[in-house]
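Quick look at final_13.pdb (PDB, C-alpha atoms):
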ATOM      1  CA  MET A 190      10.096  49.104  58.330
ATOM      2  CA  ASN A 191       9.078  46.016  60.311
ATOM      3  CA  ALA A 192       7.786  44.125  57.279
ATOM      4  CA  PRO A 193       8.812  40.460  57.036
ATOM      5  CA  ALA A 194      11.834  39.475  54.973
ATOM      6  CA  PRO A 195      10.993  39.029  51.260
ATOM      7  CA  SER A 196      10.350  35.525  49.979
ATOM      8  CA  ALA A 197      12.972  33.773  47.859
ATOM      9  CA  ALA A 198      10.615  33.804  44.860
ATOM     10  CA  GLU A 199      10.529  37.607  44.689
ATOM     11  CA  ASN A 200      13.142  39.551  42.766
ATOM     12  CA  VAL A 201      13.935  41.955  45.578
ATOM     13  CA  VAL A 202      16.756  44.489  45.687
ATOM     14  CA  GLY A 203      17.967  46.136  48.863
ATOM     15  CA  LEU A 204      18.351  49.818  47.966
ATOM     16  CA  ARG A 205      20.773  52.043  49.830
ATOM     17  CA  VAL A 206      21.547  55.689  49.172
ATOM     18  CA  ASP A 207      24.979  56.976  50.169
ATOM     19  CA  VAL A 208      25.086  60.709  50.858
ATOM     20  CA  ASP A 209      28.714  61.793  50.902
ATOM     21  CA  THR A 210      28.704  65.585  50.570
ATOM     22  CA  PHE A 211      27.026  68.886  51.404
ATOM     23  CA  ARG A 212      25.766  69.289  47.835
ATOM     24  CA  GLY A 213      24.502  65.717  47.733
ATOM     25  CA  THR A 214      22.549  66.334  50.936
ATOM     26  CA  ARG A 215      21.187  69.731  49.911
ATOM     27  CA  ASP A 216      20.362  69.043  46.253
ATOM     28  CA  GLY A 217      20.524  65.303  45.675
ATOM     29  CA  VAL A 218      18.481  63.966  48.574
ATOM     30  CA  PRO A 219      15.337  66.062  47.940
ATOM     31  CA  GLY A 220      15.405  64.948  44.311
ATOM     32  CA  LEU A 221      15.750  61.310  45.313
ATOM     33  CA  LEU A 222      12.954  61.617  47.858
ATOM     34  CA  ALA A 223      10.680  62.897  45.104
ATOM     35  CA  VAL A 224      11.505  60.154  42.609
ATOM     36  CA  LEU A 225      11.283  57.408  45.228
ATOM     37  CA  LYS A 226       7.881  58.708  46.307
ATOM     38  CA  LYS A 227       6.792  58.712  42.657
ATOM     39  CA  HIS A 228       7.652  55.001  42.414
ATOM     40  CA  ASP A 229       6.366  54.159  45.925
ATOM     41  CA  ILE A 230       9.796  52.956  47.066
ATOM     42  CA  LEU A 231      11.446  53.143  50.468
ATOM     43  CA  ALA A 232      15.220  52.906  50.812
ATOM     44  CA  THR A 233      18.006  53.133  53.378
ATOM     45  CA  PHE A 234      19.857  56.473  53.425
ATOM     46  CA  PHE A 235      23.342  56.620  54.915
ATOM     47  CA  PHE A 236      24.346  60.215  55.703
ATOM     48  CA  SER A 237      27.740  61.825  56.184
ATOM     49  CA  VAL A 238      27.126  64.376  58.927
ATOM     50  CA  GLY A 239      30.411  66.140  59.770
ATOM     51  CA  PRO A 240      32.684  68.385  57.679
ATOM     52  CA  ASP A 241      32.593  68.072  53.890
ATOM     53  CA  ASN A 242      36.253  67.892  52.907
ATOM     54  CA  MET A 243      35.775  65.749  49.805
ATOM     55  CA  GLY A 244      37.889  68.077  47.661
ATOM     56  CA  ARG A 245      40.960  66.868  49.515
ATOM     57  CA  HIS A 246      40.759  63.687  47.453
ATOM     58  CA  LEU A 247      42.287  65.677  44.570
ATOM     59  CA  TRP A 248      45.788  64.696  45.714
ATOM     60  CA  ARG A 249      44.855  61.159  44.709
ATOM     61  CA  LEU A 250      44.951  62.287  41.061
ATOM     62  CA  LEU A 251      48.626  61.411  41.355
ATOM     63  CA  LYS A 252      47.565  57.777  41.576
ATOM     64  CA  PRO A 253      46.905  56.338  38.076
ATOM     65  CA  ALA A 254      43.924  54.183  39.120
ATOM     66  CA  PHE A 255      42.115  57.114  40.736
ATOM     67  CA  LEU A 256      42.894  59.460  37.841
ATOM     68  CA  LEU A 257      41.536  56.868  35.391
ATOM     69  CA  LYS A 258      38.322  56.551  37.387
ATOM     70  CA  MET A 259      37.875  60.339  37.486
ATOM     71  CA  LEU A 260      38.358  60.590  33.729
ATOM     72  CA  ARG A 261      36.213  57.537  32.954
ATOM     73  CA  SER A 262      33.265  58.819  35.000
ATOM     74  CA  ASN A 263      33.723  62.455  33.838
ATOM     75  CA  ALA A 264      33.785  63.415  37.508
ATOM     76  CA  ALA A 265      33.821  67.196  37.009
ATOM     77  CA  SER A 266      30.555  67.009  35.080
ATOM     78  CA  LEU A 267      29.042  64.318  37.295
ATOM     79  CA  TYR A 268      29.783  65.812  40.707
ATOM     80  CA  GLY A 269      30.397  69.509  40.040
ATOM     81  CA  TRP A 270      33.394  71.625  40.991
ATOM     82  CA  ASP A 271      31.852  72.643  44.319
ATOM     83  CA  ILE A 272      32.162  69.006  45.422
ATOM     84  CA  LEU A 273      35.566  68.413  43.852
ATOM     85  CA  LEU A 274      37.078  71.482  45.551
ATOM     86  CA  ARG A 275      35.195  71.275  48.861
ATOM     87  CA  GLY A 276      37.504  71.636  51.844
ATOM     88  CA  THR A 277      40.521  72.755  49.781
ATOM     89  CA  LEU A 278      40.157  76.454  49.003
ATOM     90  CA  TRP A 279      37.923  77.026  52.048
ATOM     91  CA  PRO A 280      37.008  75.021  55.177
ATOM     92  CA  GLY A 281      34.462  72.282  54.577
ATOM     93  CA  PRO A 282      30.982  73.051  55.979
ATOM     94  CA  GLN A 283      29.410  70.944  58.723
ATOM     95  CA  ILE A 284      26.752  69.004  56.821
ATOM     96  CA  GLY A 285      24.557  67.901  59.705
ATOM     97  CA  ARG A 286      24.557  71.252  61.469
ATOM     98  CA  LYS A 287      23.471  73.098  58.332
ATOM     99  CA  LEU A 288      21.273  70.476  56.634
ATOM    100  CA  GLY A 289      19.855  68.386  59.465
ATOM    101  CA  ARG A 290      16.353  69.199  58.225
ATOM    102  CA  VAL A 291      17.026  67.146  55.079
ATOM    103  CA  MET A 292      17.881  64.140  57.227
ATOM    104  CA  ARG A 293      14.734  64.622  59.292
ATOM    105  CA  ASP A 294      12.669  64.955  56.108
ATOM    106  CA  THR A 295      14.113  61.654  54.898
ATOM    107  CA  ALA A 296      13.128  59.843  58.085
ATOM    108  CA  ALA A 297       9.696  61.499  58.092
ATOM    109  CA  ALA A 298       9.096  60.162  54.573
ATOM    110  CA  GLY A 299       9.466  56.619  55.958
ATOM    111  CA  HIS A 300      12.984  55.857  54.803
ATOM    112  CA  GLU A 301      15.517  54.178  57.037
ATOM    113  CA  VAL A 302      18.312  56.559  58.070
ATOM    114  CA  GLY A 303      21.768  55.430  59.160
ATOM    115  CA  LEU A 304      25.266  56.788  59.634
ATOM    116  CA  HIS A 305      27.694  56.889  56.738
ATOM    117  CA  ALA A 306      30.559  58.915  58.163
ATOM    118  CA  TRP A 307      31.629  61.832  60.308
ATOM    119  CA  ASP A 308      34.218  63.051  57.778
ATOM    120  CA  HIS A 309      33.872  60.981  54.599
ATOM    121  CA  HIS A 310      37.198  62.081  53.141
ATOM    122  CA  ARG A 311      39.155  61.478  56.342
ATOM    123  CA  TRP A 312      37.725  58.003  56.827
ATOM    124  CA  GLN A 313      38.245  56.946  53.234
ATOM    125  CA  ALA A 314      41.802  58.301  53.108
ATOM    126  CA  ARG A 315      43.062  57.415  56.581
ATOM    127  CA  MET A 316      41.048  54.552  58.083
ATOM    128  CA  GLU A 317      43.894  52.057  57.722
ATOM    129  CA  THR A 318      46.261  54.244  59.775
ATOM    130  CA  MET A 319      43.813  55.184  62.544
ATOM    131  CA  ASP A 320      44.241  53.490  65.913
ATOM    132  CA  GLU A 321      41.260  51.868  67.618
ATOM    133  CA  GLN A 322      40.466  54.859  69.832
ATOM    134  CA  THR A 323      40.493  57.210  66.837
ATOM    135  CA  LEU A 324      38.177  54.873  64.939
ATOM    136  CA  TYR A 325      35.811  54.837  67.907
ATOM    137  CA  GLU A 326      35.846  58.621  68.290
ATOM    138  CA  ASP A 327      35.128  59.125  64.584
ATOM    139  CA  ILE A 328      32.087  56.863  64.792
ATOM    140  CA  ARG A 329      30.988  58.381  68.101
ATOM    141  CA  LYS A 330      30.946  61.929  66.720
ATOM    142  CA  GLY A 331      28.790  60.824  63.810
ATOM    143  CA  VAL A 332      26.388  58.837  65.990
ATOM    144  CA  GLU A 333      25.962  61.673  68.481
ATOM    145  CA  LEU A 334      25.275  64.321  65.849
ATOM    146  CA  LEU A 335      22.844  62.132  63.897
ATOM    147  CA  THR A 336      21.082  61.248  67.162
ATOM    148  CA  ASP A 337      20.746  64.947  67.930
ATOM    149  CA  ILE A 338      19.332  65.590  64.455
ATOM    150  CA  LEU A 339      16.848  62.702  64.398
ATOM    151  CA  GLY A 340      15.907  62.568  68.070
ATOM    152  CA  GLU A 341      16.929  58.908  68.250
ATOM    153  CA  ALA A 342      20.108  56.931  67.705
ATOM    154  CA  PRO A 343      20.730  55.475  64.222
ATOM    155  CA  ARG A 344      20.296  51.704  64.187
ATOM    156  CA  CYS A 345      22.467  50.986  61.145
ATOM    157  CA  SER A 346      25.639  52.231  59.502
ATOM    158  CA  ALA A 347      27.809  51.887  56.403
ATOM    159  CA  VAL A 348      31.447  53.012  56.330
ATOM    160  CA  ALA A 349      32.680  55.506  53.744
ATOM    161  CA  GLY A 350      34.211  53.959  50.636
ATOM    162  CA  TRP A 351      33.776  50.380  51.933
ATOM    163  CA  LYS A 352      36.841  51.009  54.096
ATOM    164  CA  ALA A 353      36.666  48.666  57.086
ATOM    165  CA  ASP A 354      38.497  45.844  58.810
ATOM    166  CA  ASP A 355      38.123  43.718  61.954
ATOM    167  CA  ARG A 356      39.051  46.680  64.162
ATOM    168  CA  VAL A 357      36.267  48.787  62.665
ATOM    169  CA  LEU A 358      33.647  46.063  63.111
ATOM    170  CA  LEU A 359      34.628  45.606  66.763
ATOM    171  CA  GLN A 360      34.435  49.351  67.432
ATOM    172  CA  LYS A 361      31.039  49.545  65.750
ATOM    173  CA  ASP A 362      29.770  46.874  68.124
ATOM    174  CA  ARG A 363      30.130  49.418  70.917
ATOM    175  CA  PHE A 364      27.175  51.295  69.393
ATOM    176  CA  PRO A 365      23.509  50.254  69.063
ATOM    177  CA  PHE A 366      23.782  49.297  65.380
ATOM    178  CA  GLU A 367      21.485  46.375  64.632
ATOM    179  CA  TYR A 368      23.252  45.758  61.340
ATOM    180  CA  ASN A 369      25.972  47.302  59.190
ATOM    181  CA  SER A 370      26.629  47.452  55.464
ATOM    182  CA  ASP A 371      30.384  47.913  55.381
ATOM    183  CA  CYS A 372      31.601  45.481  52.768
ATOM    184  CA  ARG A 373      31.139  44.065  49.303
ATOM    185  CA  GLY A 374      30.166  40.441  48.990
ATOM    186  CA  SER A 375      27.473  37.935  48.099
ATOM    187  CA  GLY A 376      25.202  37.295  51.085
ATOM    188  CA  LEU A 377      24.128  38.236  54.593
ATOM    189  CA  PHE A 378      26.432  37.014  57.356
ATOM    190  CA  ARG A 379      27.416  37.379  61.010
ATOM    191  CA  PRO A 380      31.047  38.513  61.335
ATOM    192  CA  LEU A 381      32.989  36.394  63.803
ATOM    193  CA  ILE A 382      36.255  37.946  65.049
ATOM    194  CA  ASP A 383      38.368  35.933  67.483
ATOM    195  CA  GLY A 384      35.252  34.389  68.943
ATOM    196  CA  VAL A 385      33.360  37.696  69.147
ATOM    197  CA  GLU A 386      30.188  37.862  67.072
ATOM    198  CA  CYS A 387      29.488  41.317  65.635
ATOM    199  CA  ALA A 388      26.293  42.836  64.240
ATOM    200  CA  PRO A 389      25.120  41.296  60.933
ATOM    201  CA  GLN A 390      26.552  42.598  57.681
ATOM    202  CA  ILE A 391      24.459  43.295  54.577
ATOM    203  CA  PRO A 392      27.059  43.450  51.789
ATOM    204  CA  VAL A 393      26.631  45.446  48.606
ATOM    205  CA  THR A 394      26.553  42.948  45.745
ATOM    206  CA  LEU A 395      26.002  45.146  42.675
ATOM    207  CA  PRO A 396      28.418  47.667  41.112
ATOM    208  CA  THR A 397      27.834  51.385  41.532
ATOM    209  CA  TYR A 398      27.454  53.833  38.663
ATOM    210  CA  ASP A 399      31.051  55.048  38.850
ATOM    211  CA  GLU A 400      32.344  51.459  38.858
ATOM    212  CA  LEU A 401      30.469  50.453  35.701
ATOM    213  CA  ILE A 402      30.473  53.578  33.557
ATOM    214  CA  GLY A 403      33.138  53.618  30.852
ATOM    215  CA  ILE A 404      33.917  49.910  31.300
ATOM    216  CA  GLU A 405      33.337  47.430  28.459
ATOM    217  CA  GLY A 406      31.277  49.887  26.444
ATOM    218  CA  ILE A 407      28.936  50.904  29.278
ATOM    219  CA  ASP A 408      27.691  54.485  28.990
ATOM    220  CA  ASN A 409      24.570  56.404  29.996
ATOM    221  CA  ARG A 410      22.657  54.919  27.067
ATOM    222  CA  ASN A 411      23.011  51.302  28.189
ATOM    223  CA  TYR A 412      23.858  51.584  31.896
ATOM    224  CA  ASN A 413      20.301  50.911  33.093
ATOM    225  CA  GLU A 414      19.969  47.803  30.957
ATOM    226  CA  ARG A 415      23.291  46.442  32.167
ATOM    227  CA  GLN A 416      22.372  46.948  35.816
ATOM    228  CA  LEU A 417      18.969  45.326  35.309
ATOM    229  CA  GLN A 418      20.633  42.337  33.661
ATOM    230  CA  LEU A 419      22.959  41.937  36.642
ATOM    231  CA  ILE A 420      20.000  42.058  39.035
ATOM    232  CA  GLU A 421      18.112  39.421  37.052
ATOM    233  CA  THR A 422      21.160  37.172  36.787
ATOM    234  CA  ASN A 423      21.796  37.334  40.527
ATOM    235  CA  HIS A 424      18.155  36.527  41.216
ATOM    236  CA  ARG A 425      18.168  33.506  38.907
ATOM    237  CA  GLN A 426      21.275  32.236  40.672
ATOM    238  CA  GLY A 427      19.708  32.701  44.095
ATOM    239  CA  MET A 428      22.106  35.499  45.063
ATOM    240  CA  LEU A 429      21.495  38.587  47.146
ATOM    241  CA  ASN A 430      20.858  41.873  45.330
ATOM    242  CA  VAL A 431      21.960  45.060  47.121
ATOM    243  CA  LEU A 432      22.406  48.257  45.112
ATOM    244  CA  THR A 433      24.077  51.492  46.223
ATOM    245  CA  VAL A 434      23.169  54.764  44.542
ATOM    246  CA  HIS A 435      24.708  58.121  45.401
ATOM    247  CA  ALA A 436      22.871  61.354  46.107
ATOM    248  CA  GLU A 437      25.603  63.168  44.170
ATOM    249  CA  ALA A 438      25.028  61.045  41.028
ATOM    250  CA  GLU A 439      21.542  59.512  40.831
ATOM    251  CA  GLY A 440      20.114  62.449  42.793
ATOM    252  CA  ILE A 441      21.544  65.167  40.564
ATOM    253  CA  ALA A 442      23.399  64.548  37.283
ATOM    254  CA  CYS A 443      21.856  61.102  36.676
ATOM    255  CA  ALA A 444      18.408  61.828  38.148
ATOM    256  CA  GLY A 445      16.495  61.299  34.909
ATOM    257  CA  MET A 446      18.335  58.083  34.204
ATOM    258  CA  PHE A 447      17.585  56.783  37.702
ATOM    259  CA  ASP A 448      13.895  57.603  37.295
ATOM    260  CA  ALA A 449      13.870  55.585  34.070
ATOM    261  CA  PHE A 450      15.776  52.760  35.801
ATOM    262  CA  LEU A 451      13.132  52.440  38.517
ATOM    263  CA  ALA A 452      10.338  52.452  35.940
ATOM    264  CA  ALA A 453      12.052  49.731  33.894
ATOM    265  CA  ALA A 454      12.711  47.669  37.019
ATOM    266  CA  HIS A 455       9.027  47.813  37.946
ATOM    267  CA  GLN A 456       8.091  46.562  34.478
ATOM    268  CA  ARG A 457      10.361  43.541  35.066
ATOM    269  CA  GLY A 458       8.839  42.733  38.437
ATOM    270  CA  ILE A 459      11.817  43.956  40.486
ATOM    271  CA  ARG A 460      10.960  45.353  43.912
ATOM    272  CA  PHE A 461      13.172  47.642  46.005
ATOM    273  CA  VAL A 462      13.210  47.598  49.804
ATOM    274  CA  PRO A 463      15.234  49.198  52.628
ATOM    275  CA  LEU A 464      18.159  47.049  53.727
ATOM    276  CA  ARG A 465      16.556  46.184  57.047
ATOM    277  CA  GLN A 466      13.855  44.202  55.260
ATOM    278  CA  LEU A 467      16.499  41.795  53.949
ATOM    279  CA  LEU A 468      17.296  40.564  57.455
ATOM    280  CA  PRO A 469      15.679  37.284  58.545
ATOM    281  CA  GLY A 470      13.590  37.108  61.683
ATOM    282  CA  ASP A 471      16.202  34.857  63.253
ATOM    283  CA  ILE A 472      19.606  36.523  62.982
ATOM    284  CA  ALA A 473      21.229  33.389  64.400
ATOM    285  CA  SER A 474      20.235  31.579  61.196
ATOM    286  CA  LEU A 475      22.731  33.673  59.209
ATOM    287  CA  PRO A 476      26.067  32.027  58.433
ATOM    288  CA  ALA A 477      29.132  33.177  60.335
ATOM    289  CA  GLY A 478      31.869  34.850  58.312
ATOM    290  CA  ARG A 479      34.680  37.348  58.317
ATOM    291  CA  VAL A 480      35.978  40.262  56.279
ATOM    292  CA  VAL A 481      39.192  40.877  54.377
ATOM    293  CA  GLU A 482      40.624  43.774  52.363
ATOM    294  CA  ALA A 483      40.998  43.269  48.615
ATOM    295  CA  PRO A 484      40.829  45.257  45.344
ATOM    296  CA  LEU A 485      37.538  46.068  43.636
ATOM    297  CA  PRO A 486      37.379  46.540  39.852
ATOM    298  CA  GLY A 487      36.549  50.137  38.988
ATOM    299  CA  ARG A 488      37.936  51.530  42.261
ATOM    300  CA  GLU A 489      41.348  52.642  43.443
ATOM    301  CA  GLY A 490      42.864  50.754  46.375
ATOM    302  CA  ASN A 491      41.445  48.009  48.569
ATOM    303  CA  VAL A 492      37.954  47.775  50.033
ATOM    304  CA  CYS A 493      36.336  45.536  52.620
ATOM    305  CA  TRP A 494      35.124  42.192  51.239
ATOM    306  CA  GLN A 495      33.105  39.342  52.670
ATOM    307  CA  TYR A 496      35.592  36.481  52.956
ATOM    308  CA  ALA A 497      34.821  33.411  50.910
ATOM    309  CA  ALA A 498      36.695  30.323  52.105
ATOM    310  CA  ASN A 499      36.396  28.658  48.727
TER     311      ASN A 499
END

Just give me the structure of the file as structure tokens.
Amino acid sequence: MNAPAPSAAENVVGLRVDVDTFRGTRDGVPGLLAVLKKHDILATFFFSVGPDNMGRHLWRLLKPAFLLKMLRSNAASLYGWDILLRGTLWPGPQIGRKLGRVMRDTAAAGHEVGLHAWDHHRWQARMETMDEQTLYEDIRKGVELLTDILGEAPRCSAVAGWKADDRVLLQKDRFPFEYNSDCRGSGLFRPLIDGVECAPQIPVTLPTYDELIGIEGIDNRNYNERQLQLIETNHRQGMLNVLTVHAEAEGIACAGMFDAFLAAAHQRGIRFVPLRQLLPGDIASLPAGRVVEAPLPGREGNVCWQYAAN
């Protein structure tokens, strides 16, 4: 984990795994651990640790953009009805309390482990309306439970659904996070908010499976090739490559496809590393920046973006 930052000549991809649900933790993570071990790859896992209430997103089917995404990605087949109904017909289970061993197994295998969310659904649906104290308490509950599970405090985090703003970044700076991965963007930066410098951000720069699938002819037959092309294009242009996969997708329904993706990437000389290895030795050398909220193709609503002045 303390390896030096990759050289500019290498085609290196920061690999993060978002674990949103009980099923993703129980079934998806062990599968991903096995395939990553097969390919000798370490990644950064961001875990949701509190109640799994993801089924409460079903009300969003009333919104055309969300309904289109669900249909385009064939969500019922991809995620399973136990995820899509979780927390609706019965109370959502506490993920960390029941499946903490999976999180410990992930850390023991050498992967970096960080906090994704306390309640993924609540954060994604209500972050914009939470006051600063509520934001803090939500993060605190997640940090404390993950610390209890791992025996040490998580040193990184990534908000659910890329839902963040200046208030969130300032609240996160009250915790011992050495970096965060809360936004979409193009390069590493140091958020500067009213003169206050926050922990570095490592933006996600590549689309996720559910953002690409069903768009412009992309399906499971050509998804891997399209993603590899994007990685190679970014590298040629000197851009950062950070890819998010989901335990609920690449760890379960798309597991075979992800295995083939990693094999093809190796053949092309692409190397995957945990996000921490993308940080330079001198954090002060990173450019200052800020975040804004803006739409993201393939997703419903706004997400957090790295602000580009030009």

Test item: residues at most 7 Å from A:Thr394, all atoms listed in the file, excluding those fewer than 6 positions along its chain, as a list in words: Arg373, Gly374, Ser375, Leu429, Asn430, Val431 and Leu432 of chain A

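Minimum atom-to-atom distance to A:Leu467, evaluated using all atoms listed in the file, belongs to A:Leu377 out of A:Glu321, A:Asn411, A:Leu304, A:Leu377.
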
Report as JSON lines the residues of stretch 332-421 of chain A within 12 Å of stretch 209-221 of chain A, each with its shortest atom pair and distance in Å (one decimal), using all atoms listed in the file, ordered by chain and increasing residue number.
{"residue": "A:Ala347", "atom": "CA", "partner": "A:Asp209", "partner_atom": "CA", "distance": 11.4}
{"residue": "A:Val348", "atom": "CA", "partner": "A:Asp209", "partner_atom": "CA", "distance": 10.7}
{"residue": "A:Ala349", "atom": "CA", "partner": "A:Asp209", "partner_atom": "CA", "distance": 8.0}
{"residue": "A:Gly350", "atom": "CA", "partner": "A:Asp209", "partner_atom": "CA", "distance": 9.6}

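In this comparison, which uses all atoms listed in the file, the residue of A:Val385, A:Val208, A:Ile391, A:Ile338 approaching A:Gln466 most closely is A:Ile391.
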
Å distance separating atom CA of A:Asp371 from atom CA of A:Trp307, one decimal place: 14.8 Å

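Residues matched by the PyMOL selection byres ((chain A and resi 419) around 12) in this file: Asn200, Val202, Thr394, Leu395, Pro396, Thr397, Leu401, Tyr412, Asn413, Glu414, Arg415, Gln416, Leu417, Gln418, Ile420, Glu421, Thr422, Asn423, His424, Arg425, Gln426, Met428, Leu429, Asn430, Val431, Leu432, Ala454 and Ile459 of chain A.
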
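Going from atom CA of A:Asp471 to atom CA of A:Phe364 covers 20.7 Å.
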
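Between atom CA of A:Met243 and atom CA of A:Glu437 the interatomic distance comes to 11.9 Å.
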
Reference answer for the PyMOL selection byres ((chain A and resi 222) around 10), as a list in words: Gly217, Val218, Pro219, Gly220, Leu221, Ala223, Val224, Leu225, Lys226, Lys227, Ile230, Leu231, Ala232, Val291, Asp294, Thr295, Ala298, His300 and Gly440 of chain A

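Between A:Gly285 and the candidates A:Gly299, A:Thr323, A:Pro240, A:Val481, the tightest atom-to-atom separation, counting all atoms listed in the file, involves A:Pro240.
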
Close residues, A:Asp354 itself excluded, 12 Å, all atoms listed in the file, min 4 positions apart in chain, as a compact mmCIF listing (two decimals) with C-alpha atoms, in the frame of the given file:
# COMPACT_ATOMS: atom_id res chain seq x y z
CA MET A 316 41.05 54.55 58.08
CA GLU A 317 43.89 52.06 57.72
CA THR A 318 46.26 54.24 59.78
CA MET A 319 43.81 55.18 62.54
CA ASP A 320 44.24 53.49 65.91
CA GLU A 321 41.26 51.87 67.62
CA LEU A 324 38.18 54.87 64.94
CA VAL A 348 31.45 53.01 56.33
CA LEU A 358 33.65 46.06 63.11
CA LEU A 359 34.63 45.61 66.76
CA GLN A 360 34.44 49.35 67.43
CA LYS A 361 31.04 49.54 65.75
CA ASP A 371 30.38 47.91 55.38
CA CYS A 372 31.60 45.48 52.77
CA PRO A 380 31.05 38.51 61.34
CA ILE A 382 36.26 37.95 65.05
CA ARG A 479 34.68 37.35 58.32
CA VAL A 480 35.98 40.26 56.28
CA VAL A 481 39.19 40.88 54.38
CA GLU A 482 40.62 43.77 52.36
CA ALA A 483 41.00 43.27 48.62
CA ASN A 491 41.44 48.01 48.57
CA VAL A 492 37.95 47.78 50.03
CA CYS A 493 36.34 45.54 52.62
CA TRP A 494 35.12 42.19 51.24
CA GLN A 495 33.10 39.34 52.67
CA TYR A 496 35.59 36.48 52.96

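If you measure from each of A:Leu485, A:Ala353, A:Leu204, A:Cys345 to A:Asn369 using all atoms listed in the file, the closest one turns out to be A:Cys345.
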